[in-house]
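Q: First the structure, which I've put down as structure tokens, then a few questions once you've had a look.
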Amino acid sequence: MISLVEQIVVNGVMAGLVYTLMALGFTLVFGIMRMVNFAHGELYMVGAFAALTLHGTLGWGYLPSVLVATGVAALFGAVIERLLYRPFVGRELGGMIMSLAVAITLQALAVIAFGPAEQSLARPLTGAVRVHEAVISLDRAMVAACAVVALVAFQLFLRHTRLGLAMQAVAQDREAASLMGVEAGAIYVRSFAIASALAGLAGALMAPIYTVAPTMGELPMLKAFVVVILGGLGSVPGAMIGGLLIGLSESVFATLFDTTLALIASFVIVLSVIVVKPSGLWSRAAR
Amino acid sequence: MRWLALFAIAALAVLPWVIGGRYVLHMSIMIAIMVTLALGMNLMLQIGQLSMAHSAFMGIGAYASALLTMKLGMSVLLTLPLSALLSAMTAALLGPVFLRIKGVYFVLLTFAFGQIVNLVFQEWTDLFGGNSGLHGIPKLSAFGHRLTDPAGIYSVALALALASFALVRAILRSDIGAMLRSLEADEPLSRSLGANAMAWRLAVFVLTAAMAGAAGSLYAHVIGFLSPAAFGFGLSVDLVVMNVIGGAASAWGPLLGALLIVPLPELLRGAKEYQLLSYGLVLIVFLLFFRDGLVGMVTALARRRAARASSPDAPTAPARADAEKRAA
């Protein structure tokens, strides 16, 4: 019994860390640009395909491939923001529809470039370790470790660098920030690149664990959505706590019942949260 | 101009009978069903709410109608209004909670609701047939007379689409339409003038759910087979796309949008890979450059022509600038 509980917690935390990685970028873009980016999952897909190409096809080492894939996703994000999303800043409905269009287009481009079939990437690590009663596979543990490093780095960046502080300032009050000499446009493109990098990193890390396909971003996007609503749109700590909560709840339901029920459970949790407290559990004061 | 448009639509509506053939008629039936759904989405967009729940409302109508005829042996004549009613009742129950919330949160809420409904269709295999689908749904029939001829089925679908078009157009052109637009433009002001915002929003939500339910019921009996995938997130996105491409400002937009979008996969059948790409790119181009959709393009053209006709020698600069501004 105790071993089952431990295993559920370990699985939940490991899944939750990846959800957090996805959710952070999503919530960052919303917090700063008031933009709901439905194409966030496609940046995850871009990261995964970049890792597949570099590691699988070109034979680079795994970690350099992951790093470059993260950069590729960031570049994609920056270009998309500047060319397509910028005209929609402040127009929520139009922005959402534009992000849907971008999601469709990126998926279509992936189908043309790589074909619709699912492809797999060799696992960089095999085997498992036993921690007390729980079994942890090494590749999953590595993903979790990379996610923790990225999350800590992101927090430090947000709190202690000029750009991080400027991003927080724009999120709080764009006009006041611009009066202080923070140019909003430059912040938009950079935060979008950072958000895309986080999604691309998640995709590159998960590529060897799941299969790689043009539609692979849809489910993580869904999870990010759920996490972000739970934690409060635009709230960074909310995304972290929400990610772990959803990871744990899914782990419980998936172990005791099945994965579909786990998904339904997350949606029901989120529905009730929106109805009771639309701004999310950890939102900042109402705007 | 307006008469010309109405005439063109009448001609287009008659065309499938003239051309005939199973394929053309089937495509026309699908267009008519999608027009009904896209018109519902248009009314939701008019009140500024992007709903991802309407694909689920269509699904509820479709499965309800299929199961009522299959399990209880009811006539389609009865199940069509009943399934519209069921969707409307679901919307009426959810609306007071959902519609308190606006913007992104409404999208997320309706999205989550749509996903739950779809997962229930997938998982409750005993009743809904799961992902392998629900087979053997009776075709359309009334008074013991089976309607199997595609031309006849098309007339039913066309009647539904035209009724929806007339209804939405009448609503948008009436005081109610002005009221709905005022809620979207400036809700506090509109409420201070006595508009009951919640009641109007709920009315729109329930009415459009009923339209989706009726369209779903018709779909079930036309196709004779249901699977949950048809009522997923993608359908709601398609409905939004039809409104963007056609133009969301009037009832003409979703009509034109559905006419263009529904046959698109068939037109691009040879280049299947590029089908999705062209879909995405067309959407991006319209969002960036033709914000008022096809209808906006046509009216801008007409206005420019009218401006030129009124002063044949030199079109006044302001009029031209105005028309160009609208076209942009």
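In the structure tokens, the first chain shown is A, the next is B, and so on; residue numbers restart at 1 for each chain, and ligands run from 1 in the order shown.
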When you get a sec, could you note down which chain A residues fall within 8 Å of chain B, using only C-alpha atoms, as an mmCIF file with C-alpha atoms, in the first residue's frame?
A:
```cif
data_model
loop_
_atom_site.group_PDB
_atom_site.id
_atom_site.type_symbol
_atom_site.label_atom_id
_atom_site.label_comp_id
_atom_site.auth_asym_id
_atom_site.auth_seq_id
_atom_site.Cartn_x
_atom_site.Cartn_y
_atom_site.Cartn_z
ATOM 1 C CA VAL A 36 -3.991 33.319 -25.215
ATOM 2 C CA LEU A 84 1.615 37.533 -36.610
ATOM 3 C CA PRO A 87 -1.141 43.341 -34.441
ATOM 4 C CA GLU A 92 -8.216 39.172 -27.077
ATOM 5 C CA LEU A 93 -10.744 37.487 -29.359
ATOM 6 C CA GLY A 94 -8.812 38.197 -32.574
ATOM 7 C CA ILE A 97 -8.295 33.100 -33.444
ATOM 8 C CA MET A 98 -4.891 34.081 -34.826
ATOM 9 C CA LEU A 100 -5.556 28.887 -33.697
ATOM 10 C CA ALA A 101 -4.550 29.739 -37.263
ATOM 11 C CA VAL A 102 -0.869 29.567 -36.316
ATOM 12 C CA ALA A 103 -1.416 26.196 -34.634
ATOM 13 C CA ILE A 104 -3.088 24.809 -37.765
ATOM 14 C CA THR A 105 -0.331 26.180 -40.005
ATOM 15 C CA ALA A 108 0.467 21.435 -41.500
ATOM 16 C CA LEU A 109 4.091 22.453 -42.058
ATOM 17 C CA VAL A 111 3.152 17.125 -41.789
ATOM 18 C CA ILE A 112 4.714 18.369 -45.029
ATOM 19 C CA PHE A 225 -4.442 25.090 -20.254
ATOM 20 C CA THR A 260 -9.292 8.981 -19.754
ATOM 21 C CA ILE A 264 -12.116 13.962 -17.208
ATOM 22 C CA PHE A 267 -11.492 19.001 -16.522
ATOM 23 C CA VAL A 268 -14.082 18.675 -13.763
ATOM 24 C CA VAL A 270 -10.975 23.062 -13.563
ATOM 25 C CA LEU A 271 -14.644 23.618 -14.380
ATOM 26 C CA ILE A 274 -13.543 28.568 -12.902
ATOM 27 C CA VAL A 275 -17.103 28.615 -11.677
ATOM 28 C CA PRO A 278 -12.700 32.459 -12.200
#
```
Q: Excluding A:Ser251 and any residue of its chain fewer than 6 positions from it, enumerate the residues within 7 Å of it, using only C-alpha atoms, and give them as a list in words.
A: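 Surrounding residues, per the criterion: Ile8, Asn11 and Gly12 of chain A.
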Q: I'd like the contact shell of B:Ala249 - 9 Å cut-off, only C-alpha atoms, skipping same-chain residues fewer than 5 positions apart - returned as a list in words.
A: Asn42, Leu45, Gln46, Asn243, Asp292, Gly293, Val295 and Gly296 of chain B
Q: Please produce a file of the residues just selected, as a compact mmCIF listing (two decimals), in the first residue's frame, where the atoms kept are N, CA and C atoms.
A:
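Saved the output as result-v9.txt:
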```txt
# COMPACT_ATOMS: atom_id res chain seq x y z
N ASN B 42 -22.08 32.81 -35.10
CA ASN B 42 -22.08 34.24 -35.39
C ASN B 42 -22.81 35.03 -34.29
N LEU B 45 -20.63 35.28 -31.36
CA LEU B 45 -19.56 36.27 -31.56
C LEU B 45 -20.11 37.68 -31.45
N GLN B 46 -21.36 37.87 -31.86
CA GLN B 46 -21.97 39.20 -31.75
C GLN B 46 -22.02 39.66 -30.30
N ASN B 243 -16.78 32.13 -39.84
CA ASN B 243 -17.19 33.49 -39.52
C ASN B 243 -16.09 34.50 -39.84
N ASP B 292 -12.75 42.27 -42.03
CA ASP B 292 -14.21 42.15 -42.12
C ASP B 292 -14.64 41.02 -43.03
N GLY B 293 -13.72 40.19 -43.43
CA GLY B 293 -14.06 39.01 -44.21
C GLY B 293 -14.52 39.33 -45.62
N VAL B 295 -17.54 39.49 -46.80
CA VAL B 295 -18.63 40.45 -46.84
C VAL B 295 -18.08 41.87 -46.78
N GLY B 296 -17.07 42.08 -45.92
CA GLY B 296 -16.44 43.38 -45.82
C GLY B 296 -15.82 43.82 -47.13
```
Q: Dump as a tab-separated table the rows for residues of stretch 116-230 of chain A within 6 Å of stretch 50-73 of chain A: closest atom pair and distance in Å with one decimal, only C-alpha atoms counted, ordered by chain and rising residue number.
A:
```
residue	atom	partner	partner_atom	distance
A:Ser196	CA	A:Ala73	CA	5.6
A:Ala197	CA	A:Thr70	CA	4.9
A:Gly200	CA	A:Thr70	CA	4.9
A:Leu201	CA	A:Thr70	CA	4.8
A:Ala204	CA	A:Ala51	CA	5.4
```
Q: Could you take the residues named above and write them with N, CA and C atoms, as a PDB file, in the first residue's frame?
A:
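The resulting result-v9.pdb:
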```
ATOM      1  N   SER A 196       8.375  30.268 -25.644  1.00  0.00           N
ATOM      2  CA  SER A 196       8.507  29.230 -26.663  1.00  0.00           C
ATOM      3  C   SER A 196       9.670  28.320 -26.339  1.00  0.00           C
ATOM      4  N   ALA A 197      10.749  28.888 -25.786  1.00  0.00           N
ATOM      5  CA  ALA A 197      11.901  28.069 -25.418  1.00  0.00           C
ATOM      6  C   ALA A 197      11.508  27.047 -24.360  1.00  0.00           C
ATOM      7  N   GLY A 200       9.556  24.428 -26.106  1.00  0.00           N
ATOM      8  CA  GLY A 200      10.455  23.639 -26.952  1.00  0.00           C
ATOM      9  C   GLY A 200      11.312  22.705 -26.120  1.00  0.00           C
ATOM     10  N   LEU A 201      11.761  23.185 -24.965  1.00  0.00           N
ATOM     11  CA  LEU A 201      12.558  22.348 -24.064  1.00  0.00           C
ATOM     12  C   LEU A 201      11.732  21.150 -23.604  1.00  0.00           C
ATOM     13  N   ALA A 204      11.468  18.733 -26.494  1.00  0.00           N
ATOM     14  CA  ALA A 204      12.719  18.021 -26.771  1.00  0.00           C
ATOM     15  C   ALA A 204      12.994  16.975 -25.694  1.00  0.00           C
TER      16      ALA A 204
END
```
Q: With only C-alpha atoms as the counted atoms, please give the residues lying no more than 8 Å from stretch 91-94 of chain B, apart from itself and same-chain residues fewer than 3 positions off, as a list in words.
A: Ser87, Ala88, Val97, Phe98, Leu202, Phe205, Val206 and Ala209 of chain B
Q: Let me see the file: selected residues, N, CA and C atoms, as a PDB file, in the first residue's frame.
A:
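Below is the file that was written, part.pdb:
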```pdb
ATOM      1  N   SER B  87     -30.694  20.183 -26.323  1.00  0.00           N
ATOM      2  CA  SER B  87     -29.506  21.033 -26.357  1.00  0.00           C
ATOM      3  C   SER B  87     -29.801  22.377 -25.713  1.00  0.00           C
ATOM      4  N   ALA B  88     -30.982  22.925 -26.025  1.00  0.00           N
ATOM      5  CA  ALA B  88     -31.360  24.224 -25.468  1.00  0.00           C
ATOM      6  C   ALA B  88     -31.457  24.149 -23.957  1.00  0.00           C
ATOM      7  N   VAL B  97     -24.386  29.912 -15.172  1.00  0.00           N
ATOM      8  CA  VAL B  97     -23.058  29.804 -14.562  1.00  0.00           C
ATOM      9  C   VAL B  97     -21.989  30.258 -15.557  1.00  0.00           C
ATOM     10  N   PHE B  98     -22.067  29.715 -16.780  1.00  0.00           N
ATOM     11  CA  PHE B  98     -21.030  29.983 -17.784  1.00  0.00           C
ATOM     12  C   PHE B  98     -20.972  31.466 -18.157  1.00  0.00           C
ATOM     13  N   LEU B 202     -28.138  34.924 -22.119  1.00  0.00           N
ATOM     14  CA  LEU B 202     -28.677  33.573 -21.930  1.00  0.00           C
ATOM     15  C   LEU B 202     -29.585  33.212 -23.099  1.00  0.00           C
ATOM     16  N   PHE B 205     -27.449  32.255 -26.003  1.00  0.00           N
ATOM     17  CA  PHE B 205     -26.784  30.978 -25.748  1.00  0.00           C
ATOM     18  C   PHE B 205     -27.766  29.827 -25.967  1.00  0.00           C
ATOM     19  N   VAL B 206     -28.982  29.957 -25.430  1.00  0.00           N
ATOM     20  CA  VAL B 206     -29.976  28.886 -25.535  1.00  0.00           C
ATOM     21  C   VAL B 206     -30.440  28.729 -26.984  1.00  0.00           C
ATOM     22  N   ALA B 209     -27.745  27.129 -29.057  1.00  0.00           N
ATOM     23  CA  ALA B 209     -27.608  25.712 -28.706  1.00  0.00           C
ATOM     24  C   ALA B 209     -28.722  24.909 -29.369  1.00  0.00           C
TER      25      ALA B 209
END
```
Q: Could you tell me, as number ranges by chain, which residues of stretch 96-266 of chain A DSSP assigns to alpha helix (DSSP H) when given the backbone?
A: A: 96-114, 138-160, 162-172, 174-179, 184-206, 218-231, 236-256, 259-266
Q: Excluding stretch 144-161 of chain B and residues on its chain fewer than 6 positions from it, collect all residues at most 7 Å away from it, counting only C-alpha atoms, and give them as a list in words.
A: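 What passes the distance filter is Trp17, Arg22, Leu25, His26, Ser28, Ile29, Ala32, Ile33, Val35 and Thr36 of chain B.
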Q: Applying 8 Å and only C-alpha atoms, which residues near A:Leu244 remain after dropping the ones on its own chain fewer than 2 positions away? List them as a list in words.
A: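 Neighbouring residues, sequence-local ones excluded: Gly12, Val13, Ala15, Gly16, Leu17, Tyr19, Thr20, Met240, Ile241, Gly242, Ile246, Gly247 and Leu248 of chain A.
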Q: Take the residues just selected and output them with C-alpha atoms as an mmCIF file, in the first residue's frame.
A:
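Here's the written file part_2.cif:
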```cif
data_model
loop_
_atom_site.group_PDB
_atom_site.id
_atom_site.type_symbol
_atom_site.label_atom_id
_atom_site.label_comp_id
_atom_site.auth_asym_id
_atom_site.auth_seq_id
_atom_site.Cartn_x
_atom_site.Cartn_y
_atom_site.Cartn_z
ATOM 1 C CA GLY A 12 2.613 12.625 -10.244
ATOM 2 C CA VAL A 13 5.513 14.918 -9.448
ATOM 3 C CA ALA A 15 4.435 14.456 -14.832
ATOM 4 C CA GLY A 16 3.644 17.667 -12.971
ATOM 5 C CA LEU A 17 7.107 19.091 -13.630
ATOM 6 C CA TYR A 19 3.152 20.286 -17.171
ATOM 7 C CA THR A 20 4.651 23.160 -15.216
ATOM 8 C CA MET A 240 4.002 25.795 -10.667
ATOM 9 C CA ILE A 241 1.547 24.764 -7.963
ATOM 10 C CA GLY A 242 -1.181 24.007 -10.542
ATOM 11 C CA ILE A 246 -2.746 18.318 -11.854
ATOM 12 C CA GLY A 247 0.188 15.901 -12.144
ATOM 13 C CA LEU A 248 -0.692 14.353 -8.803
#
```
Q: Output as number ranges by chain all residues of stretch 47-189 of chain B that backbone DSSP marks as strand (DSSP E).
A: B: 141-142, 145-146
Q: Got a sec: who's within 12 Å of A:Phe154, counting only C-alpha atoms, leaving out chain neighbours fewer than 3 positions off, as a PDB file with N, CA and C atoms, in the first residue's frame?
A:
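Wrote it out as out-v8.pdb, contents follow:
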```pdb
ATOM      1  N   THR A  20       4.263  21.829 -15.683  1.00  0.00           N
ATOM      2  CA  THR A  20       4.651  23.160 -15.216  1.00  0.00           C
ATOM      3  C   THR A  20       5.491  23.878 -16.267  1.00  0.00           C
ATOM      4  N   LEU A  21       6.411  23.119 -16.868  1.00  0.00           N
ATOM      5  CA  LEU A  21       7.269  23.695 -17.900  1.00  0.00           C
ATOM      6  C   LEU A  21       6.423  24.262 -19.050  1.00  0.00           C
ATOM      7  N   LEU A  24       4.162  27.331 -17.726  1.00  0.00           N
ATOM      8  CA  LEU A  24       4.857  28.581 -17.429  1.00  0.00           C
ATOM      9  C   LEU A  24       4.880  29.515 -18.628  1.00  0.00           C
ATOM     10  N   GLY A  25       5.242  28.969 -19.795  1.00  0.00           N
ATOM     11  CA  GLY A  25       5.323  29.801 -20.989  1.00  0.00           C
ATOM     12  C   GLY A  25       3.961  30.353 -21.374  1.00  0.00           C
ATOM     13  N   LEU A  28       3.028  33.033 -18.964  1.00  0.00           N
ATOM     14  CA  LEU A  28       3.907  34.188 -19.142  1.00  0.00           C
ATOM     15  C   LEU A  28       3.392  35.071 -20.285  1.00  0.00           C
ATOM     16  N   ALA A 147      13.899  19.658 -15.944  1.00  0.00           N
ATOM     17  CA  ALA A 147      12.774  20.558 -15.716  1.00  0.00           C
ATOM     18  C   ALA A 147      13.027  21.390 -14.467  1.00  0.00           C
ATOM     19  N   VAL A 148      13.522  20.747 -13.407  1.00  0.00           N
ATOM     20  CA  VAL A 148      13.784  21.489 -12.170  1.00  0.00           C
ATOM     21  C   VAL A 148      14.831  22.567 -12.425  1.00  0.00           C
ATOM     22  N   VAL A 149      15.902  22.207 -13.145  1.00  0.00           N
ATOM     23  CA  VAL A 149      16.940  23.194 -13.447  1.00  0.00           C
ATOM     24  C   VAL A 149      16.340  24.376 -14.208  1.00  0.00           C
ATOM     25  N   ALA A 150      15.509  24.072 -15.232  1.00  0.00           N
ATOM     26  CA  ALA A 150      14.917  25.140 -16.037  1.00  0.00           C
ATOM     27  C   ALA A 150      14.008  26.014 -15.187  1.00  0.00           C
ATOM     28  N   LEU A 151      13.233  25.402 -14.307  1.00  0.00           N
ATOM     29  CA  LEU A 151      12.297  26.168 -13.488  1.00  0.00           C
ATOM     30  C   LEU A 151      13.047  27.089 -12.521  1.00  0.00           C
ATOM     31  N   PHE A 157      15.955  34.187 -13.163  1.00  0.00           N
ATOM     32  CA  PHE A 157      15.946  35.156 -14.259  1.00  0.00           C
ATOM     33  C   PHE A 157      14.871  36.210 -14.029  1.00  0.00           C
ATOM     34  N   LEU A 158      13.681  35.759 -13.656  1.00  0.00           N
ATOM     35  CA  LEU A 158      12.545  36.666 -13.515  1.00  0.00           C
ATOM     36  C   LEU A 158      12.770  37.651 -12.365  1.00  0.00           C
ATOM     37  N   ARG A 159      13.454  37.204 -11.301  1.00  0.00           N
ATOM     38  CA  ARG A 159      13.605  38.040 -10.119  1.00  0.00           C
ATOM     39  C   ARG A 159      14.855  38.900 -10.134  1.00  0.00           C
ATOM     40  N   HIS A 160      15.888  38.429 -10.806  1.00  0.00           N
ATOM     41  CA  HIS A 160      17.169  39.098 -10.597  1.00  0.00           C
ATOM     42  C   HIS A 160      17.795  39.719 -11.842  1.00  0.00           C
ATOM     43  N   THR A 161      17.212  39.560 -13.019  1.00  0.00           N
ATOM     44  CA  THR A 161      17.822  40.206 -14.175  1.00  0.00           C
ATOM     45  C   THR A 161      16.993  41.423 -14.582  1.00  0.00           C
ATOM     46  N   LEU A 163      15.965  42.185 -17.571  1.00  0.00           N
ATOM     47  CA  LEU A 163      14.896  41.791 -18.488  1.00  0.00           C
ATOM     48  C   LEU A 163      13.738  41.150 -17.724  1.00  0.00           C
ATOM     49  N   GLY A 164      14.096  40.292 -16.752  1.00  0.00           N
ATOM     50  CA  GLY A 164      13.053  39.640 -15.960  1.00  0.00           C
ATOM     51  C   GLY A 164      12.201  40.655 -15.228  1.00  0.00           C
ATOM     52  N   LEU A 165      12.866  41.649 -14.628  1.00  0.00           N
ATOM     53  CA  LEU A 165      12.125  42.669 -13.891  1.00  0.00           C
ATOM     54  C   LEU A 165      11.282  43.503 -14.843  1.00  0.00           C
ATOM     55  N   SER A 191       9.755  37.961 -24.286  1.00  0.00           N
ATOM     56  CA  SER A 191       9.044  37.010 -23.416  1.00  0.00           C
ATOM     57  C   SER A 191       8.425  35.899 -24.245  1.00  0.00           C
ATOM     58  N   ILE A 194      11.084  33.424 -24.831  1.00  0.00           N
ATOM     59  CA  ILE A 194      11.379  32.633 -23.629  1.00  0.00           C
ATOM     60  C   ILE A 194      10.273  31.596 -23.401  1.00  0.00           C
ATOM     61  N   ALA A 195       9.016  32.025 -23.567  1.00  0.00           N
ATOM     62  CA  ALA A 195       7.901  31.092 -23.397  1.00  0.00           C
ATOM     63  C   ALA A 195       8.016  29.940 -24.393  1.00  0.00           C
ATOM     64  N   ALA A 197      10.749  28.888 -25.786  1.00  0.00           N
ATOM     65  CA  ALA A 197      11.901  28.069 -25.418  1.00  0.00           C
ATOM     66  C   ALA A 197      11.508  27.047 -24.360  1.00  0.00           C
ATOM     67  N   LEU A 198      10.697  27.481 -23.382  1.00  0.00           N
ATOM     68  CA  LEU A 198      10.267  26.548 -22.340  1.00  0.00           C
ATOM     69  C   LEU A 198       9.448  25.415 -22.948  1.00  0.00           C
ATOM     70  N   VAL A 236       2.776  33.134 -12.242  1.00  0.00           N
ATOM     71  CA  VAL A 236       3.872  32.168 -12.365  1.00  0.00           C
ATOM     72  C   VAL A 236       3.865  31.149 -11.218  1.00  0.00           C
ATOM     73  N   PRO A 237       3.754  31.588  -9.948  1.00  0.00           N
ATOM     74  CA  PRO A 237       3.683  30.570  -8.895  1.00  0.00           C
ATOM     75  C   PRO A 237       2.454  29.681  -9.057  1.00  0.00           C
ATOM     76  N   MET A 240       3.181  26.830 -11.289  1.00  0.00           N
ATOM     77  CA  MET A 240       4.002  25.795 -10.667  1.00  0.00           C
ATOM     78  C   MET A 240       3.153  24.907  -9.755  1.00  0.00           C
TER      79      MET A 240
END
```
Q: Just how far from atom CA of A:Ala265 is atom CA of A:Arg34, in Å to one decimal?
A: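 Separation of atom CA of A:Arg34 and atom CA of A:Ala265: 27.8 Å.
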